[in-house]
>>> print(open('target04.cif').read())   # mmCIF, C-alpha atoms
data_structure
loop_
_atom_site.label_atom_id
_atom_site.label_comp_id
_atom_site.auth_asym_id
_atom_site.auth_seq_id
_atom_site.Cartn_x
_atom_site.Cartn_y
_atom_site.Cartn_z
CA MET A 1 -3.70 -24.16 2.83
CA TYR A 2 -2.27 -23.86 -0.69
CA ILE A 3 -5.70 -23.09 -2.15
CA LEU A 4 -6.22 -20.34 0.43
CA ASN A 5 -2.81 -18.79 -0.35
CA GLU A 6 -3.55 -19.00 -4.07
CA TYR A 7 -6.87 -17.21 -3.45
CA PHE A 8 -5.17 -14.43 -1.48
CA ASP A 9 -2.39 -14.10 -4.08
CA GLU A 10 -4.92 -13.63 -6.86
CA CYS A 11 -7.09 -11.23 -4.82
CA PHE A 12 -4.09 -9.16 -3.73
CA GLN A 13 -2.70 -9.01 -7.25
CA ASN A 14 -6.08 -7.93 -8.65
CA PHE A 15 -6.43 -5.35 -5.88
CA CYS A 16 -3.01 -3.85 -6.68
CA SER A 17 -3.83 -3.76 -10.39
CA GLU A 18 -7.08 -1.93 -9.66
CA ILE A 19 -5.30 0.59 -7.41
CA ILE A 20 -2.98 1.48 -10.31
CA LYS A 21 -6.06 2.43 -12.35
CA LYS A 22 -7.30 4.90 -9.71
CA HIS A 23 -5.03 7.75 -10.88
CA TYR A 24 -2.44 8.26 -13.61
CA PHE A 25 0.13 9.59 -11.08
CA ILE A 26 0.21 6.23 -9.23
CA ARG A 27 3.43 4.44 -10.17
CA SER A 28 3.05 1.24 -8.15
CA ALA A 29 0.92 -0.52 -5.58
CA ALA A 30 1.96 -3.38 -3.32
CA ILE A 31 0.48 -5.38 -0.47
CA ALA A 32 2.77 -6.44 2.39
CA ASP A 33 2.03 -8.39 5.53
CA VAL A 34 2.78 -6.92 8.96
CA LEU A 35 6.34 -8.24 8.79
CA GLY A 36 6.93 -6.45 5.51
CA HIS A 37 6.86 -9.47 3.20
CA LEU A 38 5.59 -8.41 -0.21
CA MET A 39 2.56 -10.46 -1.24
CA ALA A 40 1.60 -8.71 -4.50
CA THR A 41 2.89 -5.83 -6.57
CA ALA A 42 1.61 -3.99 -9.64
CA TYR A 43 3.29 -1.30 -11.69
CA ARG A 44 1.90 1.29 -14.06
CA GLN A 45 2.22 0.13 -17.65
CA HIS A 46 5.62 0.90 -19.24
CA LEU A 47 7.05 2.07 -15.91
CA ILE A 48 10.71 1.58 -15.14
CA PRO A 49 10.82 1.12 -11.33
CA LEU A 50 13.29 3.27 -9.38
CA LEU A 51 14.06 0.38 -6.99
CA THR A 52 15.05 -3.20 -7.71
CA GLN A 53 12.87 -6.04 -6.42
CA GLU A 54 15.31 -6.59 -3.55
CA GLU A 55 15.28 -2.88 -2.65
CA SER A 56 11.47 -2.86 -2.79
CA SER A 57 11.41 -5.80 -0.39
CA ARG A 58 13.71 -3.95 2.02
CA ALA A 59 11.59 -0.81 1.74
CA ALA A 60 8.47 -2.87 2.57
CA ALA A 61 10.18 -4.28 5.67
CA GLN A 62 11.14 -0.77 6.78
CA ALA A 63 7.58 0.46 6.20
CA ALA A 64 6.27 -2.38 8.38
CA ILE A 65 8.65 -1.42 11.19
CA ARG A 66 7.61 2.24 11.01
CA ALA A 67 3.92 1.33 10.94
CA ALA A 68 4.33 -0.85 14.03
CA THR A 69 5.97 1.98 15.98
CA ARG A 70 3.44 4.71 15.20
CA ASN A 71 0.93 3.67 17.88
CA LYS A 72 2.81 5.43 20.69
CA PHE A 73 0.84 8.70 20.45
CA LYS A 74 -2.43 7.26 19.12
CA SER A 75 -4.34 8.21 22.27
CA ARG A 76 -3.36 11.86 21.81
CA ILE A 77 -3.41 12.36 18.02
CA GLY A 78 -5.75 9.61 16.80
CA GLU A 79 -5.49 6.61 14.48
CA LEU A 80 -2.98 6.59 11.67
CA GLN A 81 -4.83 6.83 8.35
CA PHE A 82 -1.72 6.77 6.16
CA SER A 83 1.81 8.12 6.04
CA LEU A 84 3.50 9.95 3.18
CA SER A 85 7.14 10.53 2.35
CA ARG A 86 8.20 12.88 -0.42
CA TYR A 87 11.56 12.20 -2.04
CA GLU A 88 13.28 13.99 -4.93
CA LYS A 89 12.14 11.38 -7.46
CA SER A 90 8.90 9.98 -6.06
CA VAL A 91 6.33 10.04 -3.29
CA ARG A 92 5.80 6.93 -1.14
CA ALA A 93 2.75 6.14 0.97
CA THR A 94 1.93 3.47 3.52
CA ILE A 95 -1.71 2.73 4.29
CA PRO A 96 -2.49 0.28 7.10
CA ILE A 97 -5.29 -2.20 6.51
CA LYS A 98 -6.68 -3.09 9.92
CA ASN A 99 -8.96 -5.60 11.52
CA GLY A 100 -10.21 -3.60 14.49
CA GLU A 101 -7.12 -2.26 16.26
CA LYS A 102 -4.69 -4.69 14.65
CA ILE A 103 -2.85 -3.97 11.40
CA LYS A 104 -3.26 -6.99 9.10
CA PHE A 105 -1.62 -5.69 5.92
CA LEU A 106 0.03 -2.61 4.47
CA LEU A 107 -0.81 -1.03 1.15
CA LEU A 108 2.39 0.51 -0.20
CA LEU A 109 2.06 3.08 -2.97
CA THR A 110 4.43 5.15 -5.03
CA PHE A 111 3.44 8.27 -6.94
CA ASP A 112 5.04 10.54 -9.49
CA ILE A 113 6.62 13.57 -7.84
CA GLU A 114 3.95 15.89 -9.32
CA ALA A 115 1.15 14.01 -7.59
CA GLU A 116 -1.05 15.54 -4.92
CA ALA A 117 -0.77 12.19 -3.16
CA ASP A 118 -2.68 13.25 -0.04
CA SER A 119 -5.75 14.14 -2.09
CA ILE A 120 -5.52 11.02 -4.27
CA ILE A 121 -5.32 8.80 -1.21
CA ILE A 122 -8.23 10.47 0.59
CA LYS A 123 -10.54 10.71 -2.43
CA ARG A 124 -9.71 7.54 -4.37
CA ILE A 125 -7.63 5.04 -2.43
CA LEU A 126 -9.14 5.01 1.09
CA PRO A 127 -12.70 4.57 -0.23
CA TYR A 128 -11.54 1.71 -2.46
CA VAL A 129 -9.74 0.04 0.45
CA ALA A 130 -12.87 0.40 2.60
CA GLU A 131 -15.05 -1.12 -0.15
CA ASN A 132 -12.73 -4.12 -0.45
CA LYS A 133 -11.70 -4.60 3.18
CA ASP A 134 -13.42 -8.01 3.42
CA TYR A 135 -10.87 -9.52 1.02
CA PHE A 136 -8.10 -8.71 3.49
CA LEU A 137 -9.79 -9.75 6.70
CA GLN A 138 -10.87 -13.32 5.87
#
>>> encode(input="target04.cif", output="structure tokens")
Amino acid sequence: MYILNEYFDECFQNFCSEIIKKHYFIRSAAIADVLGHLMATAYRQHLIPLLTQEESSRAAAQAAIRAATRNKFKSRIGELQFSLSRYEKSVRATIPIKNGEKIKFLLLLTFDIEAEADSIIIKRILPYVAENKDYFLQ
């Protein structure tokens, strides 16, 4: 099992590092499991994070709880593609990575406040997630 975990750790870390390269407004990328445990995180070069590691872990747990509760109206409004929250100092996004109906992982992103995060996610992030989905669903 250790070798498998090591494989996932490396794949997730590489994935997060590649996400950072998708747009200069992306501050950070992280992968969390469905319980909100952070599995990998990457930051833009020379970035000073707004949250501590402990705060980031708590934010991931909260994102997992919110993602788990969003299925209530799925039959009326459709599948959740991603969620965005705009704060005074940054924009945060949660993108579920699913295996069929079931969420397997969450991609957690932060953006600079100037970012058109919706457009970046649709044009650059979702296609990249779709291209690399097999890494998450093994």
>>> atom_distance(input="target04.cif", atom1="CA of Phe25 in chain A", atom2="CA of Thr94 in chain A")
15.9 Å
>>> resolve_selection(input="target04.cif", expression="the PyMOL selection byres ((chain A and resi 110-112) around 9)", output="PDB file with C-alpha atoms, in the coordinates of the input")
ATOM      1  CA  TYR A  24      -2.440   8.260 -13.610  1.00  0.00           C
ATOM      2  CA  PHE A  25       0.130   9.590 -11.080  1.00  0.00           C
ATOM      3  CA  ILE A  26       0.210   6.230  -9.230  1.00  0.00           C
ATOM      4  CA  ARG A  27       3.430   4.440 -10.170  1.00  0.00           C
ATOM      5  CA  SER A  28       3.050   1.240  -8.150  1.00  0.00           C
ATOM      6  CA  ALA A  29       0.920  -0.520  -5.580  1.00  0.00           C
ATOM      7  CA  LYS A  89      12.140  11.380  -7.460  1.00  0.00           C
ATOM      8  CA  SER A  90       8.900   9.980  -6.060  1.00  0.00           C
ATOM      9  CA  VAL A  91       6.330  10.040  -3.290  1.00  0.00           C
ATOM     10  CA  ARG A  92       5.800   6.930  -1.140  1.00  0.00           C
ATOM     11  CA  ALA A  93       2.750   6.140   0.970  1.00  0.00           C
ATOM     12  CA  LEU A 108       2.390   0.510  -0.200  1.00  0.00           C
ATOM     13  CA  LEU A 109       2.060   3.080  -2.970  1.00  0.00           C
ATOM     14  CA  ILE A 113       6.620  13.570  -7.840  1.00  0.00           C
ATOM     15  CA  GLU A 114       3.950  15.890  -9.320  1.00  0.00           C
ATOM     16  CA  ALA A 115       1.150  14.010  -7.590  1.00  0.00           C
ATOM     17  CA  GLU A 116      -1.050  15.540  -4.920  1.00  0.00           C
ATOM     18  CA  ALA A 117      -0.770  12.190  -3.160  1.00  0.00           C
TER      19      ALA A 117
END
>>> closest_residue(input="target04.cif", among="A:Ala30, A:Ala42, A:Ile103, A:Ile125", to="Ala68 in chain A", atoms="only C-alpha atoms")
A:Ile103
>>> atom_distance(input="target04.cif", atom1="CA of Arg70 in chain A", atom2="CA of Gly36 in chain A")
15.2 Å
>>> closest_residue(input="target04.cif", among="A:Glu10, A:Arg66, A:Lys102, A:Lys22", to="Lys123 in chain A", atoms="all atoms listed in the file")
A:Lys22
>>> resolve_selection(input="target04.cif", expression="the PyMOL selection byres ((chain A and resi 79) around 12)", output="PyMOL selection string")
chain A and resi 67+70-78+80-83+95-98+100-103
>>> write_last_selection(input="target04.cif", atoms="C-alpha atoms", output="mmCIF file, keeping the file's coordinate frame")
data_model
loop_
_atom_site.group_PDB
_atom_site.id
_atom_site.type_symbol
_atom_site.label_atom_id
_atom_site.label_comp_id
_atom_site.auth_asym_id
_atom_site.auth_seq_id
_atom_site.Cartn_x
_atom_site.Cartn_y
_atom_site.Cartn_z
ATOM 1 C CA ALA A 67 3.920 1.330 10.940
ATOM 2 C CA ARG A 70 3.440 4.710 15.200
ATOM 3 C CA ASN A 71 0.930 3.670 17.880
ATOM 4 C CA LYS A 72 2.810 5.430 20.690
ATOM 5 C CA PHE A 73 0.840 8.700 20.450
ATOM 6 C CA LYS A 74 -2.430 7.260 19.120
ATOM 7 C CA SER A 75 -4.340 8.210 22.270
ATOM 8 C CA ARG A 76 -3.360 11.860 21.810
ATOM 9 C CA ILE A 77 -3.410 12.360 18.020
ATOM 10 C CA GLY A 78 -5.750 9.610 16.800
ATOM 11 C CA LEU A 80 -2.980 6.590 11.670
ATOM 12 C CA GLN A 81 -4.830 6.830 8.350
ATOM 13 C CA PHE A 82 -1.720 6.770 6.160
ATOM 14 C CA SER A 83 1.810 8.120 6.040
ATOM 15 C CA ILE A 95 -1.710 2.730 4.290
ATOM 16 C CA PRO A 96 -2.490 0.280 7.100
ATOM 17 C CA ILE A 97 -5.290 -2.200 6.510
ATOM 18 C CA LYS A 98 -6.680 -3.090 9.920
ATOM 19 C CA GLY A 100 -10.210 -3.600 14.490
ATOM 20 C CA GLU A 101 -7.120 -2.260 16.260
ATOM 21 C CA LYS A 102 -4.690 -4.690 14.650
ATOM 22 C CA ILE A 103 -2.850 -3.970 11.400
#
>>> resolve_selection(input="target04.cif", expression="the PyMOL selection byres ((chain A and resi 38) around 10)", output="short mmCIF file (atom, residue, chain, number, x, y, z; two decimals) with C-alpha atoms, keeping the file's coordinate frame")
data_model
loop_
_atom_site.label_atom_id
_atom_site.label_comp_id
_atom_site.auth_asym_id
_atom_site.auth_seq_id
_atom_site.Cartn_x
_atom_site.Cartn_y
_atom_site.Cartn_z
CA ALA A 30 1.96 -3.38 -3.32
CA ILE A 31 0.48 -5.38 -0.47
CA ALA A 32 2.77 -6.44 2.39
CA ASP A 33 2.03 -8.39 5.53
CA VAL A 34 2.78 -6.92 8.96
CA LEU A 35 6.34 -8.24 8.79
CA GLY A 36 6.93 -6.45 5.51
CA HIS A 37 6.86 -9.47 3.20
CA MET A 39 2.56 -10.46 -1.24
CA ALA A 40 1.60 -8.71 -4.50
CA THR A 41 2.89 -5.83 -6.57
CA GLN A 53 12.87 -6.04 -6.42
CA SER A 56 11.47 -2.86 -2.79
CA SER A 57 11.41 -5.80 -0.39
CA ARG A 58 13.71 -3.95 2.02
CA ALA A 59 11.59 -0.81 1.74
CA ALA A 60 8.47 -2.87 2.57
CA ALA A 61 10.18 -4.28 5.67
CA PHE A 105 -1.62 -5.69 5.92
CA LEU A 106 0.03 -2.61 4.47
CA LEU A 107 -0.81 -1.03 1.15
CA LEU A 108 2.39 0.51 -0.20
#
>>> atom_distance(input="target04.cif", atom1="CA of Tyr135 in chain A", atom2="CA of Gln45 in chain A")
24.8 Å
>>> closest_residue(input="target04.cif", among="A:Cys11, A:Leu47, A:Ala130, A:Ala63", to="Asn99 in chain A", atoms="all atoms listed in the file")
A:Ala130
>>> closest_residue(input="target04.cif", among="A:Ile20, A:Leu137, A:Ile65, A:Ile48", to="Lys104 in chain A", atoms="only C-alpha atoms")
A:Leu137
